[in-house]
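To keep things clear, I will list the structure first and then write my remarks on it.
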Amino acid sequence: MKRVCPECNNEVIGRTDKIFCSVKCKSIHQYEKSQKENTFYFSVDKQLKRNRKILKRYNKSGFTTIRKSILLEEGFNPKFFTHYWKNQKNDVYLFCYDFGFLKTTKNGVTKYVIVQWQDYMNK
């Protein structure tokens with residue numbers, strides 16, 4: 001009986017338990033399977049990386065305040081963060097890896113204070 005590769009439909013030659021015709025087809029199959037099984041993980045990871053990239057781009061000095069609307073236009077989503085840090089005033093900074101943000105409102109305008117993680121925050 002002729003065995004067929006499930007990825008490219010070419011004939012599979014070799015051991016009787018061999019499933020794919022080549023390493024390339026096996027790799028493609030595993031990659032696509034991983035993409036299907038881990039869709040949620042990949043979408044969250046992508047958003048976290050996007051958030052960090054945006055925060056880093058606007059935080060040139062280590063401490064910046066910027067309008068919320070500007071970050072949202074860039075694709076920033078404040079619902080995605082990796083951890084938080086609470087200062088002595090009980091303000092909670094949400095972090096995307098090493099860049100954090102704090103939501104503030106002044107004169108009816110919502111802004112984010114952007115900070116970079118510091119060693120003293122580990123305590």
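Every chain in the structure tokens has a letter given in the order shown (A, B, ...), and although residue numbers restart at 1 in each chain, ligands are simply numbered from 1 in the order shown.
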
Residues within 9 Å of A:Val109, only C-alpha atoms, excluding chain neighbours under 5 positions, as an NGL selection string = :A and (67-68 or 104)

Find the spatial neighbours of A:Tyr112, counting only C-alpha atoms, within a cut-off of 10 Å - ignore same-chain residues fewer than 6 positions away - and output them as a PyMOL selection string.
-> chain A and resi 55+64-71+78+93+100-105

Please provide as a ChimeraX atom specification all residues within 10 Å of A:Gln47, with the sequence filter that same-chain residues fewer than 5 positions apart are discarded (counting only C-alpha atoms).
-> /A:42,52-53,75-81,96

Could you please determine the separation between atom CA of A:Asn38 and atom CA of A:Arg50 in Å, to one decimal place?
-> 18.2 Å

Can you list, as a list of chain:residue names, all residues belonging to stretch 53-97 of chain A that DSSP tags as strand (DSSP E or B)?
->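 These are the residues in question: A:Phe63, A:Thr64, A:Thr65, A:Ile66, A:Arg67, A:His83, A:Tyr84, A:Trp85, A:Lys86, A:Val92, A:Tyr93, A:Leu94, A:Phe95, A:Cys96.
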
Which residues come within 10 Å of A:Arg3, counting only C-alpha atoms, excluding same-chain residues fewer than 4 positions away, as a ChimeraX atom specification?
-> /A:9-14,16-21

Got a sec: who's within 12 Å of A:Asn87, counting only C-alpha atoms, leaving out chain neighbours fewer than 3 positions off, as a VMD selection string?
-> chain A and resid 84 90 to 94 102 120 to 123

Select from chain A everything DSSP, run on the backbone, classes as alpha helix (DSSP H), then give the selection as an mmCIF file with N, CA and C atoms, in the first residue's frame.
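Generated output (selection05.cif):
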data_model
loop_
_atom_site.group_PDB
_atom_site.id
_atom_site.type_symbol
_atom_site.label_atom_id
_atom_site.label_comp_id
_atom_site.auth_asym_id
_atom_site.auth_seq_id
_atom_site.Cartn_x
_atom_site.Cartn_y
_atom_site.Cartn_z
ATOM 1 N N VAL A 23 11.574 16.282 6.391
ATOM 2 C CA VAL A 23 11.655 17.060 7.631
ATOM 3 C C VAL A 23 10.894 18.383 7.459
ATOM 4 N N LYS A 24 10.951 18.941 6.265
ATOM 5 C CA LYS A 24 10.248 20.197 5.988
ATOM 6 C C LYS A 24 8.738 20.043 6.193
ATOM 7 N N CYS A 25 8.162 18.970 5.647
ATOM 8 C CA CYS A 25 6.719 18.739 5.806
ATOM 9 C C CYS A 25 6.348 18.504 7.265
ATOM 10 N N LYS A 26 7.187 17.768 7.982
ATOM 11 C CA LYS A 26 6.939 17.517 9.403
ATOM 12 C C LYS A 26 6.960 18.827 10.182
ATOM 13 N N SER A 27 7.922 19.683 9.877
ATOM 14 C CA SER A 27 8.051 20.970 10.548
ATOM 15 C C SER A 27 6.854 21.877 10.257
ATOM 16 N N ILE A 28 6.427 21.924 9.006
ATOM 17 C CA ILE A 28 5.261 22.729 8.616
ATOM 18 C C ILE A 28 4.028 22.245 9.377
ATOM 19 N N HIS A 29 3.847 20.930 9.429
ATOM 20 C CA HIS A 29 2.695 20.349 10.122
ATOM 21 C C HIS A 29 2.702 20.714 11.612
ATOM 22 N N GLN A 30 3.850 20.585 12.268
ATOM 23 C CA GLN A 30 3.952 20.897 13.703
ATOM 24 C C GLN A 30 3.724 22.384 13.965
ATOM 25 N N TYR A 31 4.260 23.239 13.082
ATOM 26 C CA TYR A 31 4.077 24.682 13.235
ATOM 27 C C TYR A 31 2.597 25.053 13.122
ATOM 28 N N GLU A 32 1.928 24.537 12.116
ATOM 29 C CA GLU A 32 0.506 24.846 11.917
ATOM 30 C C GLU A 32 -0.346 24.304 13.058
ATOM 31 N N LYS A 33 -0.011 23.143 13.555
ATOM 32 C CA LYS A 33 -0.726 22.553 14.698
ATOM 33 C C LYS A 33 -0.550 23.439 15.929
ATOM 34 N N SER A 34 0.676 23.902 16.148
ATOM 35 C CA SER A 34 0.962 24.780 17.290
ATOM 36 C C SER A 34 0.195 26.093 17.178
ATOM 37 N N GLN A 35 0.116 26.646 15.971
ATOM 38 C CA GLN A 35 -0.619 27.891 15.748
ATOM 39 C C GLN A 35 -2.093 27.725 16.092
ATOM 40 N N LYS A 36 -2.682 26.590 15.732
ATOM 41 C CA LYS A 36 -4.092 26.338 16.010
ATOM 42 C C LYS A 36 -4.337 26.118 17.497
ATOM 43 N N GLU A 37 -3.469 25.335 18.134
ATOM 44 C CA GLU A 37 -3.656 24.993 19.543
ATOM 45 C C GLU A 37 -3.363 26.151 20.480
ATOM 46 N N THR A 39 -3.582 29.606 19.808
ATOM 47 C CA THR A 39 -4.046 30.873 19.250
ATOM 48 C C THR A 39 -4.175 31.946 20.327
ATOM 49 N N PHE A 40 -4.798 31.617 21.445
ATOM 50 C CA PHE A 40 -4.988 32.594 22.518
ATOM 51 C C PHE A 40 -3.647 33.057 23.070
ATOM 52 N N TYR A 41 -2.749 32.117 23.336
ATOM 53 C CA TYR A 41 -1.419 32.448 23.851
ATOM 54 C C TYR A 41 -0.693 33.404 22.908
ATOM 55 N N PHE A 42 -0.682 33.080 21.618
ATOM 56 C CA PHE A 42 0.031 33.913 20.656
ATOM 57 C C PHE A 42 -0.577 35.305 20.540
ATOM 58 N N SER A 43 -1.905 35.406 20.616
ATOM 59 C CA SER A 43 -2.537 36.728 20.512
ATOM 60 C C SER A 43 -2.232 37.581 21.745
ATOM 61 N N VAL A 44 -2.221 36.976 22.931
ATOM 62 C CA VAL A 44 -1.881 37.723 24.153
ATOM 63 C C VAL A 44 -0.421 38.146 24.111
ATOM 64 N N ASP A 45 0.453 37.230 23.732
ATOM 65 C CA ASP A 45 1.881 37.539 23.659
ATOM 66 C C ASP A 45 2.153 38.667 22.667
ATOM 67 N N LYS A 46 1.466 38.632 21.550
ATOM 68 C CA LYS A 46 1.629 39.678 20.526
ATOM 69 C C LYS A 46 1.200 41.044 21.069
ATOM 70 N N GLN A 47 0.066 41.079 21.795
ATOM 71 C CA GLN A 47 -0.414 42.344 22.355
ATOM 72 C C GLN A 47 0.528 42.861 23.441
ATOM 73 N N LEU A 48 1.059 41.983 24.286
ATOM 74 C CA LEU A 48 2.005 42.403 25.317
ATOM 75 C C LEU A 48 3.253 43.025 24.691
ATOM 76 N N LYS A 49 3.757 42.398 23.655
ATOM 77 C CA LYS A 49 4.942 42.923 22.968
ATOM 78 C C LYS A 49 4.637 44.255 22.291
ATOM 79 N N ARG A 50 3.439 44.380 21.708
ATOM 80 C CA ARG A 50 3.040 45.642 21.081
ATOM 81 C C ARG A 50 2.959 46.746 22.144
ATOM 82 N N ASN A 51 2.321 46.435 23.279
ATOM 83 C CA ASN A 51 2.212 47.412 24.364
ATOM 84 C C ASN A 51 3.596 47.883 24.818
ATOM 85 N N ARG A 52 4.519 46.939 25.035
ATOM 86 C CA ARG A 52 5.865 47.306 25.481
ATOM 87 C C ARG A 52 6.562 48.200 24.461
ATOM 88 N N LYS A 53 6.444 47.841 23.192
ATOM 89 C CA LYS A 53 7.077 48.614 22.114
ATOM 90 C C LYS A 53 6.548 50.051 22.103
ATOM 91 N N ILE A 54 5.242 50.204 22.265
ATOM 92 C CA ILE A 54 4.624 51.536 22.264
ATOM 93 C C ILE A 54 5.073 52.336 23.479
ATOM 94 N N LEU A 55 5.046 51.723 24.656
ATOM 95 C CA LEU A 55 5.477 52.417 25.878
ATOM 96 C C LEU A 55 6.938 52.840 25.768
ATOM 97 N N LYS A 56 7.772 51.966 25.255
ATOM 98 C CA LYS A 56 9.199 52.278 25.106
ATOM 99 C C LYS A 56 9.401 53.445 24.143
ATOM 100 N N ARG A 57 8.661 53.450 23.041
ATOM 101 C CA ARG A 57 8.808 54.506 22.038
ATOM 102 C C ARG A 57 8.499 55.887 22.617
ATOM 103 N N TYR A 58 7.477 55.978 23.477
ATOM 104 C CA TYR A 58 7.078 57.272 24.020
ATOM 105 C C TYR A 58 7.794 57.636 25.321
ATOM 106 N N LYS A 68 -3.929 59.323 26.708
ATOM 107 C CA LYS A 68 -4.379 57.949 26.500
ATOM 108 C C LYS A 68 -4.745 57.715 25.036
ATOM 109 N N SER A 69 -5.415 58.684 24.423
ATOM 110 C CA SER A 69 -5.879 58.532 23.041
ATOM 111 C C SER A 69 -4.729 58.286 22.062
ATOM 112 N N ILE A 70 -3.580 58.890 22.313
ATOM 113 C CA ILE A 70 -2.422 58.699 21.423
ATOM 114 C C ILE A 70 -1.951 57.249 21.480
ATOM 115 N N LEU A 71 -1.870 56.703 22.691
ATOM 116 C CA LEU A 71 -1.439 55.312 22.829
ATOM 117 C C LEU A 71 -2.442 54.342 22.208
ATOM 118 N N LEU A 72 -3.731 54.618 22.414
ATOM 119 C CA LEU A 72 -4.760 53.734 21.862
ATOM 120 C C LEU A 72 -4.741 53.727 20.335
ATOM 121 N N GLU A 73 -4.475 54.890 19.737
ATOM 122 C CA GLU A 73 -4.382 54.977 18.271
ATOM 123 C C GLU A 73 -3.246 54.119 17.727
#

What is the distance, in Å and to one decimal place, between atom CA of A:Trp85 and atom CA of A:Asn107?
->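 Atom-to-atom, atom CA of A:Trp85 to atom CA of A:Asn107, that is 25.7 Å.
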
Atom CA of A:Lys60 to atom CA of A:Gly108, distance in Å rounded to a single decimal | 25.3 Å

Residues near A:Asp98, cut-off 8 Å, only C-alpha atoms, skip fewer than 3 positions along chain, as a PyMOL selection string = chain A and resi 52+95+116-117

Kindly save the residues from that selection, with N, CA and C atoms included, as a PDB file, in the first residue's frame.
ATOM      1  N   ARG A  52       4.519  46.939  25.035  1.00  0.00           N
ATOM      2  CA  ARG A  52       5.865  47.306  25.481  1.00  0.00           C
ATOM      3  C   ARG A  52       6.562  48.200  24.461  1.00  0.00           C
ATOM      4  N   PHE A  95       2.544  47.036  34.399  1.00  0.00           N
ATOM      5  CA  PHE A  95       3.754  46.905  33.592  1.00  0.00           C
ATOM      6  C   PHE A  95       3.588  45.922  32.448  1.00  0.00           C
ATOM      7  N   GLN A 116       9.844  53.467  33.594  1.00  0.00           N
ATOM      8  CA  GLN A 116      10.629  52.267  33.334  1.00  0.00           C
ATOM      9  C   GLN A 116      10.945  51.607  34.671  1.00  0.00           C
ATOM     10  N   TRP A 117      10.969  50.274  34.683  1.00  0.00           N
ATOM     11  CA  TRP A 117      11.225  49.507  35.902  1.00  0.00           C
ATOM     12  C   TRP A 117      12.576  49.888  36.486  1.00  0.00           C
TER      13      TRP A 117
END
